[in-house]
Amino acid sequence: MTYDVAIIRPVDHAYKYAQWHEDIAICYLCTALKRKGFEYRVYDFALEQKFCLEKREHDYREITSSGAKCVVWVLDKHPTNNPYYGLQSVSEMASAVGHICHFSVYGNTQIDPFGFFELDEIDSVVVGEESAFISLLENLDVEPSERLTEGVLFRGQTFSKQAPLKRTSLNELGHAERYFLHEAKAGRPLVAAIQASRGCYAKCSFCFIRAKEAMHGGYGWQSRRPDDVVQEIAEIIEKYGVFDFAFVDPQLIGPGKTGKEWVHSLACQILSLNEPKIRFSIYARANDIDEENIRLLKAAGLYAVFIGVESFSQSMLNRLKKGMTVERNLRAIRLLMDNNIMLRMGFISFDAHTTMLEVLENCSGLKKVMGWKPHLITQPVFFNTVLVPLADTPKGQEYSSAGLIKKNAEQEPNWREVDAKNMALMDRLNRGQGATIIREPKVRLLNEFTRILSSELVQRSTSIENAVSDHLLGIDFPGNADHELLESKKIREWFAGLSEFAISQLVLSAEQIESVHSAEDSLLDQLVSDMRDELERYDRRVFRKKVPTWSDAQLELVD
Amino acid sequence: MAEKQKQKNGEQAGSVAMPLGSNRRVTSTELDDDLIVFFKLMIAGHKPV
């Protein structure tokens, strides 16, 4: 088997996790490659569950024998994912089979692109879109001084300010070429990722779209024709029998009247397919959640909405340049809950300047929401976030110049263990979750408590998700042998109460920390110890046992 | 025929190898469809560090 390009979606965490859909960036790369007549093969380590080195090494050897002239690693865009782990695959492959051809990186939103060259094996970084990657392939055999590429950074190149990169019209891009969805036909539970738009009209100072904006001279909301999106949905239903869709657009609903009319048209055309089994999730800003949008989208199959709520403190929202009011955030949440739509809530609980007053404002907002339908907010990661801004965003530049980021090596002592060599590399990459320095000592203490609470919840959530996923796949592993985790009623109950549990712990700790004269580590230790006891009781009430965490050694770590 | 066999083995350029466990799938009796949708559309995606 020979081909021109190997595309790798690496595992981007230190632990085993379930993946439910293809990477849409890879799908569109495939579309562009196919159109230009390049042969390719996708290695999706996440979907294929290649969590052990032996399986990945097999693929590295296969790539070596394919004669591929380029291997490209496509990184996940989610800001909660750490590109450090994904990039380990680059060094791993070089070590297993050698630096056999051109190694490139695509889809990065997490690292200052120049940071990649800290890894000796990386030859280029594609900072543009699909056409930039094609131009890289077309210029691989060209002398460096004569290369005609736009949107590609090469190692050793002298970098100068370039003209803004052109954006591709999404209507000319073609439909996303599916590389794994055929597995749904064989019974694998999958969601089809759909991209109906790119970019965003808002100006949040921490968002990865700011970096895109700098590169393209603007990265506003750009959409496909609704009829074309719906045609793609119909094709997926017919070809793969998949009725569950994840709109992975950063912001599905565009600005003003145009955006509203567009989303209405999209919803109406989905409805016209007359497929009541269709269900989907979207990302949206709170100000675009209104009764009419939600009524139509719900009728079309809307199941869950991710909103970057970020805060219930107006001064924090203003500092983040969110362009949002607390009142609008609350109104959107209320509307979703009234319509029984699940809410995935992005939250930035702490930034460098968060005060205890702002913390209490957040607690007040969270308590208000918990008084409505808390079981609709079950994603346990929503409130752990301390803002660690991306380097090439306005917020990142502000923090960097003010000295508000400390390196991983200077983390709090109870930071999850990372060996010194890896820590140093994360630091050099200028990402990998360096820590923000929170100025107010009491807030710093509460942030650390929240981080540990969130970590405890997420480990459990991942355990349950892995057990469910592995059970559906028929894969045996130690955690999966425990069928006490695999009852729908119990799982539902555990997730349904999670937000209330977490927020009650957060509020309790905030009030205790606020009431003491000074923030002492001994108080943190006590709060954490009490919280762990409470959480274990919460687990036992539902499952009659503690849900496994890393310390129980029942979760597989990536080797 | 050879091409069909290749496709069966997931060897065609542009496809991926068969995922681990795809031939050993079991039907769940304990997990209902709605719960599976909950994981696919609600819990999936954001995996924290």
# chains A, B, ... in the order shown; residues from 1 in each chain; ligands from 1
>>> closest_atom_pairs(of="chain A", to="chain B", cutoff="8 Å", atoms="only C-alpha atoms", output="CSV")
residue,atom,partner,partner_atom,distance
A:Met1,CA,B:Glu11,CA,7.1
A:Thr2,CA,B:Ala13,CA,7.5
A:Tyr3,CA,B:Ala13,CA,6.4
A:His13,CA,B:Val49,CA,6.4
A:Ala14,CA,B:Val49,CA,7.7
A:Tyr17,CA,B:Lys47,CA,8.0
A:Ala18,CA,B:Ala44,CA,7.6
A:Gln19,CA,B:Ala44,CA,6.9
A:Trp20,CA,B:Lys40,CA,6.2
A:Cys30,CA,B:Gly14,CA,7.7
A:Glu39,CA,B:Ala13,CA,6.1
A:Tyr40,CA,B:Gly14,CA,5.0
A:Arg41,CA,B:Gly14,CA,4.4
A:Val42,CA,B:Val16,CA,5.5
A:Tyr43,CA,B:Val16,CA,6.0
A:Asp44,CA,B:Val16,CA,7.5
A:Leu47,CA,B:Pro19,CA,7.4
A:Glu48,CA,B:Pro19,CA,4.6
A:Gln49,CA,B:Leu20,CA,6.8
A:His78,CA,B:His46,CA,6.6
A:Thr80,CA,B:Pro48,CA,4.9
A:Asn81,CA,B:Pro48,CA,5.8
A:Asn82,CA,B:Val49,CA,6.2
A:Tyr179,CA,B:Ser15,CA,5.5
A:Phe180,CA,B:Val16,CA,6.8
A:Ala186,CA,B:Ser22,CA,7.7
A:Gly187,CA,B:Arg25,CA,7.9
A:Arg188,CA,B:Ser22,CA,7.4
A:Pro189,CA,B:Ile36,CA,8.0
A:Leu190,CA,B:Lys40,CA,7.2
A:Val191,CA,B:Lys40,CA,6.4
A:Asp244,CA,B:Val37,CA,7.7
A:Phe245,CA,B:Leu41,CA,7.8
A:Ala246,CA,B:Leu41,CA,6.8
A:Phe280,CA,B:Leu41,CA,7.0
A:Ser281,CA,B:Leu41,CA,6.1
A:Tyr303,CA,B:Leu41,CA,7.4
A:Ala304,CA,B:Met42,CA,6.4
A:Met342,CA,B:Met42,CA,7.3
A:Arg344,CA,B:Met42,CA,7.0
A:Thr378,CA,B:Ile43,CA,7.9
A:Gln379,CA,B:Ile43,CA,6.0
A:Val381,CA,B:Pro48,CA,7.1
A:Val458,CA,B:Pro48,CA,7.5
A:Glu465,CA,B:Phe39,CA,7.2
A:His471,CA,B:Ser28,CA,7.2
A:Leu472,CA,B:Val26,CA,6.3
A:Leu473,CA,B:Arg25,CA,4.8
A:Gly474,CA,B:Arg25,CA,4.2
A:Ile475,CA,B:Gly21,CA,5.7
A:Leu486,CA,B:Glu30,CA,6.6
A:Glu487,CA,B:Glu30,CA,5.4
A:Ser488,CA,B:Leu31,CA,5.1
A:Arg492,CA,B:Leu35,CA,7.5
>>> write_last_selection(atoms="N, CA and C atoms", output="compact mmCIF listing (two decimals), in the first residue's frame")
# COMPACT_ATOMS: atom_id res chain seq x y z
N MET A 1 0.83 -1.19 0.00
CA MET A 1 0.00 0.00 0.00
C MET A 1 0.88 1.26 0.00
N THR A 2 0.64 2.10 -0.98
CA THR A 2 1.40 3.35 -1.01
C THR A 2 0.44 4.53 -1.02
N TYR A 3 0.87 5.61 -0.46
CA TYR A 3 0.09 6.85 -0.50
C TYR A 3 1.04 8.02 -0.27
N HIS A 13 -4.44 13.27 25.46
CA HIS A 13 -4.49 13.30 26.92
C HIS A 13 -3.54 12.26 27.48
N ALA A 14 -3.28 12.36 28.77
CA ALA A 14 -2.37 11.40 29.39
C ALA A 14 -3.11 10.12 29.77
N TYR A 17 -9.44 7.69 26.97
CA TYR A 17 -10.74 8.34 26.96
C TYR A 17 -11.54 7.89 25.76
N ALA A 18 -12.84 8.09 25.82
CA ALA A 18 -13.71 7.71 24.70
C ALA A 18 -13.77 8.85 23.69
N GLN A 19 -13.74 8.52 22.42
CA GLN A 19 -13.92 9.52 21.38
C GLN A 19 -15.11 9.09 20.54
N TRP A 20 -15.98 10.02 20.23
CA TRP A 20 -17.25 9.64 19.59
C TRP A 20 -17.38 10.16 18.17
N CYS A 30 -9.03 15.80 4.02
CA CYS A 30 -9.25 14.69 3.09
C CYS A 30 -9.98 15.17 1.84
N GLU A 39 -3.14 10.76 -2.70
CA GLU A 39 -3.55 9.57 -1.96
C GLU A 39 -3.20 9.79 -0.48
N TYR A 40 -4.07 9.38 0.41
CA TYR A 40 -3.80 9.61 1.83
C TYR A 40 -4.35 8.46 2.65
N ARG A 41 -3.94 8.44 3.89
CA ARG A 41 -4.52 7.48 4.84
C ARG A 41 -4.58 8.15 6.21
N VAL A 42 -5.71 7.96 6.88
CA VAL A 42 -5.90 8.58 8.19
C VAL A 42 -5.64 7.56 9.29
N TYR A 43 -4.86 7.97 10.27
CA TYR A 43 -4.64 7.16 11.47
C TYR A 43 -5.23 7.94 12.65
N ASP A 44 -6.43 7.57 13.05
CA ASP A 44 -7.08 8.28 14.14
C ASP A 44 -6.87 7.48 15.43
N LEU A 47 -10.04 7.63 17.92
CA LEU A 47 -11.19 6.78 17.59
C LEU A 47 -10.82 5.30 17.57
N GLU A 48 -9.59 5.02 17.11
CA GLU A 48 -9.17 3.62 17.03
C GLU A 48 -8.65 3.11 18.37
N GLN A 49 -8.68 3.99 19.37
CA GLN A 49 -8.29 3.63 20.74
C GLN A 49 -6.88 3.06 20.79
N HIS A 78 -10.04 21.96 20.96
CA HIS A 78 -10.64 22.29 22.25
C HIS A 78 -9.62 22.86 23.22
N THR A 80 -9.58 22.87 26.27
CA THR A 80 -9.32 22.05 27.45
C THR A 80 -8.35 20.91 27.14
N ASN A 81 -8.06 20.73 25.86
CA ASN A 81 -7.12 19.67 25.51
C ASN A 81 -5.70 20.24 25.47
N ASN A 82 -4.78 19.42 25.88
CA ASN A 82 -3.41 19.89 25.98
C ASN A 82 -2.59 19.35 24.80
N TYR A 179 -13.95 9.56 7.11
CA TYR A 179 -12.91 8.52 7.09
C TYR A 179 -13.16 7.41 8.12
N PHE A 180 -14.18 7.58 8.95
CA PHE A 180 -14.41 6.57 10.00
C PHE A 180 -15.89 6.25 10.18
N ALA A 186 -21.43 -0.72 11.11
CA ALA A 186 -21.09 -1.98 11.77
C ALA A 186 -21.51 -1.95 13.24
N GLY A 187 -22.20 -0.88 13.65
CA GLY A 187 -22.74 -0.86 15.01
C GLY A 187 -21.97 0.01 15.98
N ARG A 188 -20.91 0.67 15.55
CA ARG A 188 -20.16 1.53 16.46
C ARG A 188 -20.98 2.79 16.76
N PRO A 189 -21.18 3.13 18.04
CA PRO A 189 -21.96 4.34 18.33
C PRO A 189 -21.14 5.59 18.02
N LEU A 190 -21.53 6.32 17.00
CA LEU A 190 -20.77 7.51 16.58
C LEU A 190 -21.70 8.69 16.36
N VAL A 191 -21.12 9.85 16.47
CA VAL A 191 -21.80 11.10 16.15
C VAL A 191 -21.13 11.64 14.89
N ASP A 244 -27.30 11.23 14.80
CA ASP A 244 -26.81 12.15 15.84
C ASP A 244 -25.68 13.00 15.27
N PHE A 245 -25.81 14.31 15.43
CA PHE A 245 -24.86 15.24 14.82
C PHE A 245 -24.33 16.22 15.86
N ALA A 246 -23.05 16.54 15.72
CA ALA A 246 -22.45 17.58 16.56
C ALA A 246 -22.01 18.71 15.64
N PHE A 280 -29.08 16.85 17.67
CA PHE A 280 -27.79 17.51 17.46
C PHE A 280 -27.44 18.45 18.60
N SER A 281 -26.15 18.79 18.66
CA SER A 281 -25.66 19.76 19.64
C SER A 281 -25.02 20.92 18.89
N TYR A 303 -30.49 19.07 20.98
CA TYR A 303 -30.39 18.29 22.21
C TYR A 303 -29.58 19.02 23.28
N ALA A 304 -28.44 19.59 22.87
CA ALA A 304 -27.57 20.24 23.84
C ALA A 304 -26.92 21.48 23.23
N MET A 342 -30.32 20.35 27.14
CA MET A 342 -29.13 20.19 27.96
C MET A 342 -28.18 21.37 27.73
N ARG A 344 -24.24 22.71 28.11
CA ARG A 344 -22.81 22.55 28.43
C ARG A 344 -22.30 23.95 28.64
N THR A 378 -24.79 18.84 33.23
CA THR A 378 -24.16 17.68 33.87
C THR A 378 -22.70 17.54 33.53
N GLN A 379 -22.20 18.39 32.66
CA GLN A 379 -20.80 18.26 32.26
C GLN A 379 -19.93 18.71 33.42
N VAL A 381 -16.97 19.53 33.92
CA VAL A 381 -15.75 20.33 33.78
C VAL A 381 -16.04 21.82 33.76
N VAL A 458 -13.93 14.88 37.18
CA VAL A 458 -13.64 14.51 35.80
C VAL A 458 -13.04 13.11 35.72
N GLU A 465 -17.61 7.14 31.50
CA GLU A 465 -17.70 7.25 30.04
C GLU A 465 -16.91 6.12 29.37
N HIS A 471 -17.96 -0.90 26.93
CA HIS A 471 -19.02 -1.90 26.95
C HIS A 471 -19.69 -1.97 25.58
N LEU A 472 -19.96 -0.79 25.01
CA LEU A 472 -20.60 -0.76 23.69
C LEU A 472 -19.69 -1.35 22.62
N LEU A 473 -18.38 -1.17 22.81
CA LEU A 473 -17.43 -1.69 21.82
C LEU A 473 -17.06 -3.14 22.08
N GLY A 474 -17.47 -3.64 23.22
CA GLY A 474 -17.12 -5.03 23.54
C GLY A 474 -15.66 -5.20 23.90
N ILE A 475 -15.06 -4.13 24.43
CA ILE A 475 -13.66 -4.22 24.81
C ILE A 475 -13.58 -4.53 26.30
N LEU A 486 -22.50 0.23 35.16
CA LEU A 486 -23.14 0.19 33.85
C LEU A 486 -24.66 0.04 33.89
N GLU A 487 -25.28 0.80 34.73
CA GLU A 487 -26.74 0.78 34.74
C GLU A 487 -27.25 2.18 34.42
N SER A 488 -28.09 2.26 33.43
CA SER A 488 -28.57 3.56 32.96
C SER A 488 -29.12 4.42 34.10
N ARG A 492 -27.47 7.98 35.11
CA ARG A 492 -28.30 9.18 35.00
C ARG A 492 -28.36 9.92 36.34
>>> residues_around(residues="A:Thr149", least_positions_apart="3", cutoff="12 Å", atoms="only C-alpha atoms", output="PyMOL selection string")
chain A and resi 124-129+131-140+142-146+152-154+162+165
>>> residues_around(residues="stretch 207-220 of chain A", least_positions_apart="3", cutoff="9 Å", atoms="only C-alpha atoms", output="PyMOL selection string")
chain A and resi 77+79+109-110+112+127-128+151+162-167+198-204+250+389-395
>>> write_last_selection(atoms="N, CA and C atoms", output="tab-separated table (two decimals), in the first residue's frame")
chain	number	residue	atom	x	y	z
A	77	LYS	N	-8.89	21.21	18.54
A	77	LYS	CA	-9.01	22.64	18.84
A	77	LYS	C	-9.48	22.95	20.26
A	79	PRO	N	-9.91	24.00	23.80
A	79	PRO	CA	-8.94	24.62	24.70
A	79	PRO	C	-8.67	23.81	25.96
A	109	THR	N	-4.54	25.44	17.60
A	109	THR	CA	-5.11	26.68	18.13
A	109	THR	C	-4.53	26.97	19.51
A	110	GLN	N	-3.59	26.17	19.94
A	110	GLN	CA	-3.19	26.18	21.34
A	110	GLN	C	-1.81	26.77	21.62
A	112	ASP	N	1.64	29.07	20.42
A	112	ASP	CA	2.26	30.02	19.51
A	112	ASP	C	2.97	29.17	18.43
A	127	VAL	N	-0.28	27.15	9.27
A	127	VAL	CA	-1.08	28.10	10.05
A	127	VAL	C	-2.32	28.54	9.26
A	128	GLY	N	-2.35	28.21	7.96
A	128	GLY	CA	-3.52	28.55	7.15
A	128	GLY	C	-4.52	27.41	7.13
A	151	GLY	N	0.77	30.54	4.29
A	151	GLY	CA	0.15	29.91	5.46
A	151	GLY	C	0.92	28.71	5.96
A	162	GLN	N	3.68	38.77	6.88
A	162	GLN	CA	3.14	38.44	5.57
A	162	GLN	C	1.77	39.10	5.39
A	163	ALA	N	1.35	39.14	4.14
A	163	ALA	CA	0.00	39.66	3.86
A	163	ALA	C	-1.02	38.72	4.50
A	164	PRO	N	-2.18	39.24	4.88
A	164	PRO	CA	-3.19	38.36	5.49
A	164	PRO	C	-3.53	37.18	4.58
A	165	LEU	N	-3.73	36.04	5.20
A	165	LEU	CA	-4.06	34.84	4.42
A	165	LEU	C	-5.51	34.90	3.97
A	166	LYS	N	-5.73	34.41	2.75
A	166	LYS	CA	-7.12	34.37	2.24
A	166	LYS	C	-7.88	33.24	2.94
A	167	ARG	N	-9.18	33.46	3.11
A	167	ARG	CA	-10.03	32.40	3.65
A	167	ARG	C	-10.78	31.75	2.49
A	198	ARG	N	-17.61	28.89	10.07
A	198	ARG	CA	-16.31	29.07	10.75
A	198	ARG	C	-16.25	30.50	11.28
A	199	GLY	N	-15.39	30.70	12.24
A	199	GLY	CA	-15.16	32.05	12.75
A	199	GLY	C	-16.24	32.50	13.71
A	200	CYS	N	-16.11	33.75	14.15
A	200	CYS	CA	-17.07	34.30	15.11
A	200	CYS	C	-17.05	35.82	14.97
A	201	TYR	N	-18.18	36.43	15.30
A	201	TYR	CA	-18.28	37.90	15.20
A	201	TYR	C	-17.85	38.59	16.48
A	202	ALA	N	-17.76	37.84	17.59
A	202	ALA	CA	-17.46	38.47	18.88
A	202	ALA	C	-15.95	38.69	19.03
A	203	LYS	N	-15.57	39.37	20.09
A	203	LYS	CA	-14.16	39.76	20.25
A	203	LYS	C	-13.59	39.35	21.62
A	204	CYS	N	-14.02	38.24	22.16
A	204	CYS	CA	-13.52	37.79	23.47
A	204	CYS	C	-11.99	37.78	23.45
A	250	PRO	N	-17.44	27.00	16.02
A	250	PRO	CA	-17.22	27.74	17.26
A	250	PRO	C	-18.47	28.53	17.67
A	389	PRO	N	-4.38	32.08	29.42
A	389	PRO	CA	-4.65	32.53	28.05
A	389	PRO	C	-3.64	32.00	27.03
A	390	LEU	N	-4.12	31.78	25.82
A	390	LEU	CA	-3.25	31.35	24.74
A	390	LEU	C	-2.29	32.50	24.42
A	391	ALA	N	-1.09	32.10	24.05
A	391	ALA	CA	-0.01	33.10	23.92
A	391	ALA	C	-0.34	34.19	22.90
A	392	ASP	N	-0.95	33.78	21.78
A	392	ASP	CA	-1.14	34.77	20.72
A	392	ASP	C	-2.54	35.37	20.70
A	393	THR	N	-3.07	35.61	21.88
A	393	THR	CA	-4.33	36.34	22.00
A	393	THR	C	-4.05	37.62	22.79
A	394	PRO	N	-4.92	38.62	22.68
A	394	PRO	CA	-4.68	39.85	23.46
A	394	PRO	C	-4.52	39.57	24.95
A	395	LYS	N	-5.33	38.65	25.48
A	395	LYS	CA	-5.24	38.35	26.91
A	395	LYS	C	-3.90	37.68	27.21
>>> atom_distance(atom1="atom CA of A:Thr462", atom2="atom CA of A:Ala192")
21.1 Å
>>> select_by_dssp(residues="stretch 95-253 of chain A", states="strand (DSSP E)", output="list in words")
His102, Phe103, Ser104, Val105, Tyr106, Ser124, Val125, Val126, Val152, Leu153, Phe154, Ala192, Ala193, Ile194, Ser197, Arg198, Gln222, Ser223, Asp244, Phe245, Ala246 and Phe247 of chain A
>>> residues_around(residues="A:Glu520", least_positions_apart="3", cutoff="10 Å", atoms="only C-alpha atoms", output="list in words")
Pro441, Lys442, Leu445, Ile513, Val516, His517, Leu523, Leu524 and Asp525 of chain A
>>> select_by_dssp(residues="stretch 138-372 of chain A", states="helix (DSSP H, G or I)", output="MDAnalysis selection string")
chainID A and resid 138 144:146 170:172 182:185 209:216 226:240 256:272 286:288 291:300 314:319 326:338 356:370
>>> atom_distance(atom1="atom CA of A:Ser454", atom2="atom CA of A:Arg540")
18.4 Å
>>> atom_distance(atom1="atom CA of A:Lys373", atom2="atom CA of A:Glu456")
23.2 Å
>>> closest_residue(among="A:Val263, A:Leu535, A:Leu336, A:Val542", to="A:Glu493", atoms="only C-alpha atoms")
A:Val542
>>> residues_around(residues="A:Asn447", least_positions_apart="5", cutoff="9 Å", atoms="only C-alpha atoms", output="PyMOL selection string")
chain A and resi 349-350+384-386+438+442+452
>>> write_last_selection(atoms="C-alpha atoms", output="PDB file, in the first residue's frame")
ATOM      1  CA  SER A 349     -14.148  30.862  37.305  1.00  0.00           C
ATOM      2  CA  PHE A 350     -10.882  32.630  37.934  1.00  0.00           C
ATOM      3  CA  ASN A 384     -12.848  24.341  36.985  1.00  0.00           C
ATOM      4  CA  THR A 385     -11.303  26.791  34.638  1.00  0.00           C
ATOM      5  CA  VAL A 386      -8.719  29.279  35.604  1.00  0.00           C
ATOM      6  CA  ILE A 438      -3.875  34.772  40.820  1.00  0.00           C
ATOM      7  CA  LYS A 442      -7.866  33.777  49.149  1.00  0.00           C
ATOM      8  CA  ILE A 452      -8.846  19.482  42.786  1.00  0.00           C
TER       9      ILE A 452
END
>>> residues_around(residues="A:Ile63", least_positions_apart="4", cutoff="9 Å", atoms="only C-alpha atoms", output="list in words")
Thr2, Tyr3, Val5, Ala6, Arg41, His58, Asp59, Gly67, Ala68 and Val71 of chain A
